[in-house]
Amino acid sequence: MSGAVEAKLAELGLTLPAVVPPLATYQPAVQSGVYVYTSGQLPMVNGELPLTGKVGAEVTAEEAKKLAATCALNALAAVKSVAGDLDRIKRVVKVVGFVASAADFTGQPGVVNGASELLGAVLGDKGVHARSAVGVTVLPLDAPVEVELQVELTEA
């Protein structure tokens, strides 16, 4: 099933990927009432990380920003896996972004803007959200960035 949101993705030249399989014992997303909570999504593309390392060292802030957009796209796929249709998104409530950062890197908000800007481009006003951008020492598989979403759905 695809609708207006997936049509907007196509208009932007994007395709909703398959849900990234879990790396451990968890679900990519769970629904509780009208809310969907995604697990942290890595910037996997066709089952692989395009880049690894710390932002501000092996990975530039601009590269990481693009990876954050990929994380958000993967998170939308996880939302669809439980909601059935992305057109049910009433609003993105919260985005949490984790940035594997070199010791002197302080540009985490700019990196996580990649996810926020993608959600805004795809969902318009429904993509406006609260957010945290957190610098961390290391992420799974040495990923530079990880993003999770909390989304409110319309009633089924």
# chains A, B, ... in the order shown; residues from 1 in each chain; ligands from 1
>>> residues_around(residues="Thr38 of chain A", least_positions_apart="3", cutoff="10 Å", atoms="only C-alpha atoms", output="list in words")
Gln27, Pro28, Ala29, Val30, Gln31, Tyr35, Gln41, Asn74, Ala75, Leu76, Ala77, Ala78, Val79, Val82, Val95, Val147, Glu148, Leu149, Gln150 and Val151 of chain A
>>> write_last_selection(atoms="C-alpha atoms", output="tab-separated table (two decimals), in the first residue's frame")
chain	number	residue	atom	x	y	z
A	27	GLN	CA	11.84	-4.89	17.07
A	28	PRO	CA	12.51	-2.14	14.50
A	29	ALA	CA	9.31	-0.41	15.69
A	30	VAL	CA	6.46	-0.97	18.12
A	31	GLN	CA	3.04	0.61	18.31
A	35	TYR	CA	2.09	6.10	18.93
A	41	GLN	CA	18.02	3.28	12.93
A	74	ASN	CA	14.95	3.83	7.45
A	75	ALA	CA	12.90	4.95	10.47
A	76	LEU	CA	9.94	5.76	8.18
A	77	ALA	CA	10.20	2.23	6.79
A	78	ALA	CA	10.07	0.90	10.36
A	79	VAL	CA	7.00	3.07	11.07
A	82	VAL	CA	3.68	-1.43	12.05
A	95	VAL	CA	13.45	12.76	16.95
A	147	VAL	CA	18.23	8.18	14.65
A	148	GLU	CA	15.02	7.13	16.37
A	149	LEU	CA	11.50	8.53	15.92
A	150	GLN	CA	8.36	8.82	17.99
A	151	VAL	CA	5.34	9.25	15.72
>>> select_by_dssp(residues="chain A", states="alpha helix (DSSP H)", output="PyMOL selection string")
chain A and resi 4-11+61-83+108-123
>>> closest_residue(among="A:Leu141, A:Val136, A:Met44, A:Ala4", to="Pro17 of chain A", atoms="only C-alpha atoms")
A:Met44
>>> select_by_dssp(residues="chain A", states="strand (DSSP E)", output="ChimeraX atom specification")
/A:29-32,35-38,89-100,130-136,145-153
>>> closest_atom_pairs(of="segment 16-87 of chain A", to="segment 111-124 of chain A", cutoff="9 Å", atoms="only C-alpha atoms", output="JSON lines")
{"residue": "A:Val55", "atom": "CA", "partner": "A:Val111", "partner_atom": "CA", "distance": 8.9}
{"residue": "A:Ala61", "atom": "CA", "partner": "A:Val111", "partner_atom": "CA", "distance": 6.0}
{"residue": "A:Glu62", "atom": "CA", "partner": "A:Val111", "partner_atom": "CA", "distance": 7.1}
{"residue": "A:Glu63", "atom": "CA", "partner": "A:Val111", "partner_atom": "CA", "distance": 8.5}
{"residue": "A:Ala64", "atom": "CA", "partner": "A:Val111", "partner_atom": "CA", "distance": 5.8}
{"residue": "A:Lys65", "atom": "CA", "partner": "A:Val111", "partner_atom": "CA", "distance": 4.2}
{"residue": "A:Lys66", "atom": "CA", "partner": "A:Gly114", "partner_atom": "CA", "distance": 5.8}
{"residue": "A:Leu67", "atom": "CA", "partner": "A:Gly114", "partner_atom": "CA", "distance": 7.4}
{"residue": "A:Ala68", "atom": "CA", "partner": "A:Ala115", "partner_atom": "CA", "distance": 5.0}
{"residue": "A:Ala69", "atom": "CA", "partner": "A:Ala115", "partner_atom": "CA", "distance": 4.2}
{"residue": "A:Thr70", "atom": "CA", "partner": "A:Ala115", "partner_atom": "CA", "distance": 7.5}
{"residue": "A:Cys71", "atom": "CA", "partner": "A:Ala115", "partner_atom": "CA", "distance": 6.9}
{"residue": "A:Ala72", "atom": "CA", "partner": "A:Ala115", "partner_atom": "CA", "distance": 5.1}
{"residue": "A:Leu73", "atom": "CA", "partner": "A:Leu118", "partner_atom": "CA", "distance": 7.8}
{"residue": "A:Leu76", "atom": "CA", "partner": "A:Leu119", "partner_atom": "CA", "distance": 8.9}
>>> write_last_selection(atoms="N, CA and C atoms", output="compact mmCIF listing (two decimals), in the first residue's frame")
# COMPACT_ATOMS: atom_id res chain seq x y z
N VAL A 55 32.39 11.30 13.50
CA VAL A 55 32.15 12.57 12.82
C VAL A 55 33.13 13.59 13.38
N ALA A 61 31.06 16.42 8.74
CA ALA A 61 29.72 16.78 9.22
C ALA A 61 28.71 16.71 8.08
N GLU A 62 29.09 17.11 6.89
CA GLU A 62 28.17 17.08 5.75
C GLU A 62 27.84 15.64 5.35
N GLU A 63 28.85 14.77 5.37
CA GLU A 63 28.58 13.35 5.09
C GLU A 63 27.64 12.77 6.14
N ALA A 64 27.87 13.12 7.39
CA ALA A 64 27.04 12.60 8.49
C ALA A 64 25.61 13.13 8.39
N LYS A 65 25.45 14.36 7.94
CA LYS A 65 24.11 14.92 7.77
C LYS A 65 23.32 14.10 6.74
N LYS A 66 23.98 13.71 5.66
CA LYS A 66 23.32 12.86 4.65
C LYS A 66 22.99 11.49 5.23
N LEU A 67 23.88 10.96 6.05
CA LEU A 67 23.62 9.68 6.70
C LEU A 67 22.44 9.78 7.66
N ALA A 68 22.29 10.92 8.34
CA ALA A 68 21.15 11.11 9.24
C ALA A 68 19.84 11.09 8.46
N ALA A 69 19.85 11.64 7.24
CA ALA A 69 18.66 11.58 6.39
C ALA A 69 18.34 10.13 6.04
N THR A 70 19.37 9.34 5.77
CA THR A 70 19.17 7.91 5.49
C THR A 70 18.58 7.21 6.71
N CYS A 71 19.06 7.56 7.89
CA CYS A 71 18.51 6.99 9.12
C CYS A 71 17.02 7.30 9.22
N ALA A 72 16.63 8.54 8.92
CA ALA A 72 15.22 8.94 9.00
C ALA A 72 14.39 8.17 7.99
N LEU A 73 14.93 7.96 6.80
CA LEU A 73 14.22 7.17 5.79
C LEU A 73 14.03 5.74 6.28
N LEU A 76 11.28 5.73 8.80
CA LEU A 76 9.94 5.76 8.18
C LEU A 76 9.54 4.36 7.70
>>> decode(residues="segment 22-58 of chain A", atoms="N, CA, C and O atoms", output="mmCIF file, in the first residue's frame")
data_model
loop_
_atom_site.group_PDB
_atom_site.id
_atom_site.type_symbol
_atom_site.label_atom_id
_atom_site.label_comp_id
_atom_site.auth_asym_id
_atom_site.auth_seq_id
_atom_site.Cartn_x
_atom_site.Cartn_y
_atom_site.Cartn_z
ATOM 1 N N PRO A 22 16.866 -6.194 12.621
ATOM 2 C CA PRO A 22 17.509 -5.890 13.905
ATOM 3 C C PRO A 22 18.889 -6.528 14.010
ATOM 4 O O PRO A 22 19.126 -7.612 13.498
ATOM 5 N N LEU A 23 19.788 -5.832 14.715
ATOM 6 C CA LEU A 23 21.135 -6.342 14.954
ATOM 7 C C LEU A 23 21.198 -7.179 16.229
ATOM 8 O O LEU A 23 22.213 -7.790 16.507
ATOM 9 N N ALA A 24 20.117 -7.130 17.017
ATOM 10 C CA ALA A 24 20.083 -7.850 18.296
ATOM 11 C C ALA A 24 18.621 -8.195 18.597
ATOM 12 O O ALA A 24 17.804 -8.258 17.682
ATOM 13 N N THR A 25 18.303 -8.363 19.872
ATOM 14 C CA THR A 25 16.962 -8.780 20.270
ATOM 15 C C THR A 25 16.078 -7.562 20.521
ATOM 16 O O THR A 25 16.017 -7.045 21.641
ATOM 17 N N TYR A 26 15.433 -7.080 19.476
ATOM 18 C CA TYR A 26 14.490 -5.958 19.557
ATOM 19 C C TYR A 26 13.690 -5.917 18.274
ATOM 20 O O TYR A 26 14.014 -6.602 17.301
ATOM 21 N N GLN A 27 12.658 -5.109 18.263
ATOM 22 C CA GLN A 27 11.839 -4.895 17.074
ATOM 23 C C GLN A 27 12.232 -3.560 16.447
ATOM 24 O O GLN A 27 12.526 -2.602 17.174
ATOM 25 N N PRO A 28 12.196 -3.425 15.126
ATOM 26 C CA PRO A 28 12.506 -2.142 14.496
ATOM 27 C C PRO A 28 11.547 -1.025 14.917
ATOM 28 O O PRO A 28 11.938 0.132 14.989
ATOM 29 N N ALA A 29 10.296 -1.386 15.219
ATOM 30 C CA ALA A 29 9.313 -0.408 15.690
ATOM 31 C C ALA A 29 8.217 -1.141 16.441
ATOM 32 O O ALA A 29 7.916 -2.295 16.144
ATOM 33 N N VAL A 30 7.627 -0.445 17.411
ATOM 34 C CA VAL A 30 6.461 -0.971 18.118
ATOM 35 C C VAL A 30 5.409 0.121 18.185
ATOM 36 O O VAL A 30 5.730 1.314 18.231
ATOM 37 N N GLN A 31 4.157 -0.322 18.188
ATOM 38 C CA GLN A 31 3.041 0.608 18.311
ATOM 39 C C GLN A 31 2.413 0.440 19.686
ATOM 40 O O GLN A 31 2.222 -0.683 20.154
ATOM 41 N N SER A 32 2.120 1.553 20.325
ATOM 42 C CA SER A 32 1.410 1.564 21.601
ATOM 43 C C SER A 32 0.320 2.611 21.465
ATOM 44 O O SER A 32 0.616 3.810 21.394
ATOM 45 N N GLY A 33 -0.916 2.162 21.370
ATOM 46 C CA GLY A 33 -2.014 3.096 21.131
ATOM 47 C C GLY A 33 -1.835 3.762 19.779
ATOM 48 O O GLY A 33 -1.646 3.082 18.769
ATOM 49 N N VAL A 34 -1.850 5.087 19.761
ATOM 50 C CA VAL A 34 -1.694 5.816 18.496
ATOM 51 C C VAL A 34 -0.240 6.242 18.255
ATOM 52 O O VAL A 34 0.029 7.019 17.348
ATOM 53 N N TYR A 35 0.696 5.721 19.070
ATOM 54 C CA TYR A 35 2.094 6.101 18.928
ATOM 55 C C TYR A 35 2.928 4.939 18.396
ATOM 56 O O TYR A 35 2.713 3.793 18.755
ATOM 57 N N VAL A 36 3.892 5.284 17.547
ATOM 58 C CA VAL A 36 4.890 4.324 17.088
ATOM 59 C C VAL A 36 6.241 4.834 17.559
ATOM 60 O O VAL A 36 6.574 6.016 17.385
ATOM 61 N N TYR A 37 7.006 3.915 18.147
ATOM 62 C CA TYR A 37 8.350 4.206 18.618
ATOM 63 C C TYR A 37 9.296 3.345 17.799
ATOM 64 O O TYR A 37 9.171 2.118 17.802
ATOM 65 N N THR A 38 10.228 3.982 17.103
ATOM 66 C CA THR A 38 11.194 3.178 16.360
ATOM 67 C C THR A 38 12.411 2.919 17.238
ATOM 68 O O THR A 38 12.744 3.717 18.119
ATOM 69 N N SER A 39 13.048 1.809 16.982
ATOM 70 C CA SER A 39 14.370 1.578 17.555
ATOM 71 C C SER A 39 15.331 2.509 16.821
ATOM 72 O O SER A 39 15.004 3.045 15.759
ATOM 73 N N GLY A 40 16.505 2.689 17.372
ATOM 74 C CA GLY A 40 17.506 3.488 16.680
ATOM 75 C C GLY A 40 17.804 2.877 15.319
ATOM 76 O O GLY A 40 18.024 1.679 15.205
ATOM 77 N N GLN A 41 17.776 3.730 14.303
ATOM 78 C CA GLN A 41 18.019 3.276 12.933
ATOM 79 C C GLN A 41 19.383 3.767 12.475
ATOM 80 O O GLN A 41 19.681 4.965 12.558
ATOM 81 N N LEU A 42 20.183 2.838 11.993
ATOM 82 C CA LEU A 42 21.492 3.181 11.430
ATOM 83 C C LEU A 42 21.304 3.565 9.958
ATOM 84 O O LEU A 42 20.280 3.239 9.353
ATOM 85 N N PRO A 43 22.293 4.206 9.356
ATOM 86 C CA PRO A 43 22.168 4.623 7.950
ATOM 87 C C PRO A 43 22.493 3.490 6.973
ATOM 88 O O PRO A 43 23.300 3.643 6.055
ATOM 89 N N MET A 44 21.853 2.357 7.178
ATOM 90 C CA MET A 44 22.099 1.189 6.324
ATOM 91 C C MET A 44 21.502 1.420 4.938
ATOM 92 O O MET A 44 20.387 1.921 4.804
ATOM 93 N N VAL A 45 22.260 1.044 3.914
ATOM 94 C CA VAL A 45 21.804 1.085 2.529
ATOM 95 C C VAL A 45 22.103 -0.295 1.946
ATOM 96 O O VAL A 45 23.267 -0.710 1.914
ATOM 97 N N ASN A 46 21.061 -0.991 1.539
ATOM 98 C CA ASN A 46 21.218 -2.346 1.001
ATOM 99 C C ASN A 46 22.027 -3.239 1.938
ATOM 100 O O ASN A 46 22.907 -3.987 1.513
ATOM 101 N N GLY A 47 21.741 -3.124 3.241
ATOM 102 C CA GLY A 47 22.361 -3.999 4.226
ATOM 103 C C GLY A 47 23.760 -3.622 4.666
ATOM 104 O O GLY A 47 24.389 -4.370 5.407
ATOM 105 N N GLU A 48 24.260 -2.471 4.213
ATOM 106 C CA GLU A 48 25.622 -2.064 4.582
ATOM 107 C C GLU A 48 25.675 -0.600 4.992
ATOM 108 O O GLU A 48 24.862 0.201 4.541
ATOM 109 N N LEU A 49 26.651 -0.275 5.810
ATOM 110 C CA LEU A 49 26.909 1.124 6.157
ATOM 111 C C LEU A 49 27.786 1.742 5.078
ATOM 112 O O LEU A 49 28.861 1.214 4.783
ATOM 113 N N PRO A 50 27.355 2.860 4.468
ATOM 114 C CA PRO A 50 28.182 3.488 3.439
ATOM 115 C C PRO A 50 29.481 4.083 3.993
ATOM 116 O O PRO A 50 30.475 4.142 3.280
ATOM 117 N N LEU A 51 29.460 4.514 5.263
ATOM 118 C CA LEU A 51 30.641 5.089 5.914
ATOM 119 C C LEU A 51 30.663 4.635 7.359
ATOM 120 O O LEU A 51 29.610 4.384 7.954
ATOM 121 N N THR A 52 31.855 4.560 7.932
ATOM 122 C CA THR A 52 31.991 4.276 9.354
ATOM 123 C C THR A 52 32.984 5.265 9.948
ATOM 124 O O THR A 52 33.755 5.906 9.230
ATOM 125 N N GLY A 53 32.947 5.369 11.258
ATOM 126 C CA GLY A 53 33.901 6.222 11.957
ATOM 127 C C GLY A 53 33.250 7.369 12.693
ATOM 128 O O GLY A 53 32.023 7.482 12.746
ATOM 129 N N LYS A 54 34.096 8.201 13.254
ATOM 130 C CA LYS A 54 33.651 9.334 14.061
ATOM 131 C C LYS A 54 33.457 10.580 13.197
ATOM 132 O O LYS A 54 34.271 10.869 12.316
ATOM 133 N N VAL A 55 32.392 11.303 13.499
ATOM 134 C CA VAL A 55 32.147 12.573 12.821
ATOM 135 C C VAL A 55 33.134 13.592 13.378
ATOM 136 O O VAL A 55 33.338 13.688 14.582
ATOM 137 N N GLY A 56 33.764 14.309 12.481
ATOM 138 C CA GLY A 56 34.807 15.243 12.879
ATOM 139 C C GLY A 56 36.188 14.625 12.779
ATOM 140 O O GLY A 56 37.196 15.290 13.018
ATOM 141 N N ALA A 57 36.253 13.352 12.422
ATOM 142 C CA ALA A 57 37.535 12.660 12.203
ATOM 143 C C ALA A 57 37.452 11.975 10.842
ATOM 144 O O ALA A 57 37.739 12.589 9.822
ATOM 145 N N GLU A 58 36.992 10.713 10.820
ATOM 146 C CA GLU A 58 36.925 9.964 9.550
ATOM 147 C C GLU A 58 35.751 10.386 8.667
ATOM 148 O O GLU A 58 35.754 10.143 7.462
#
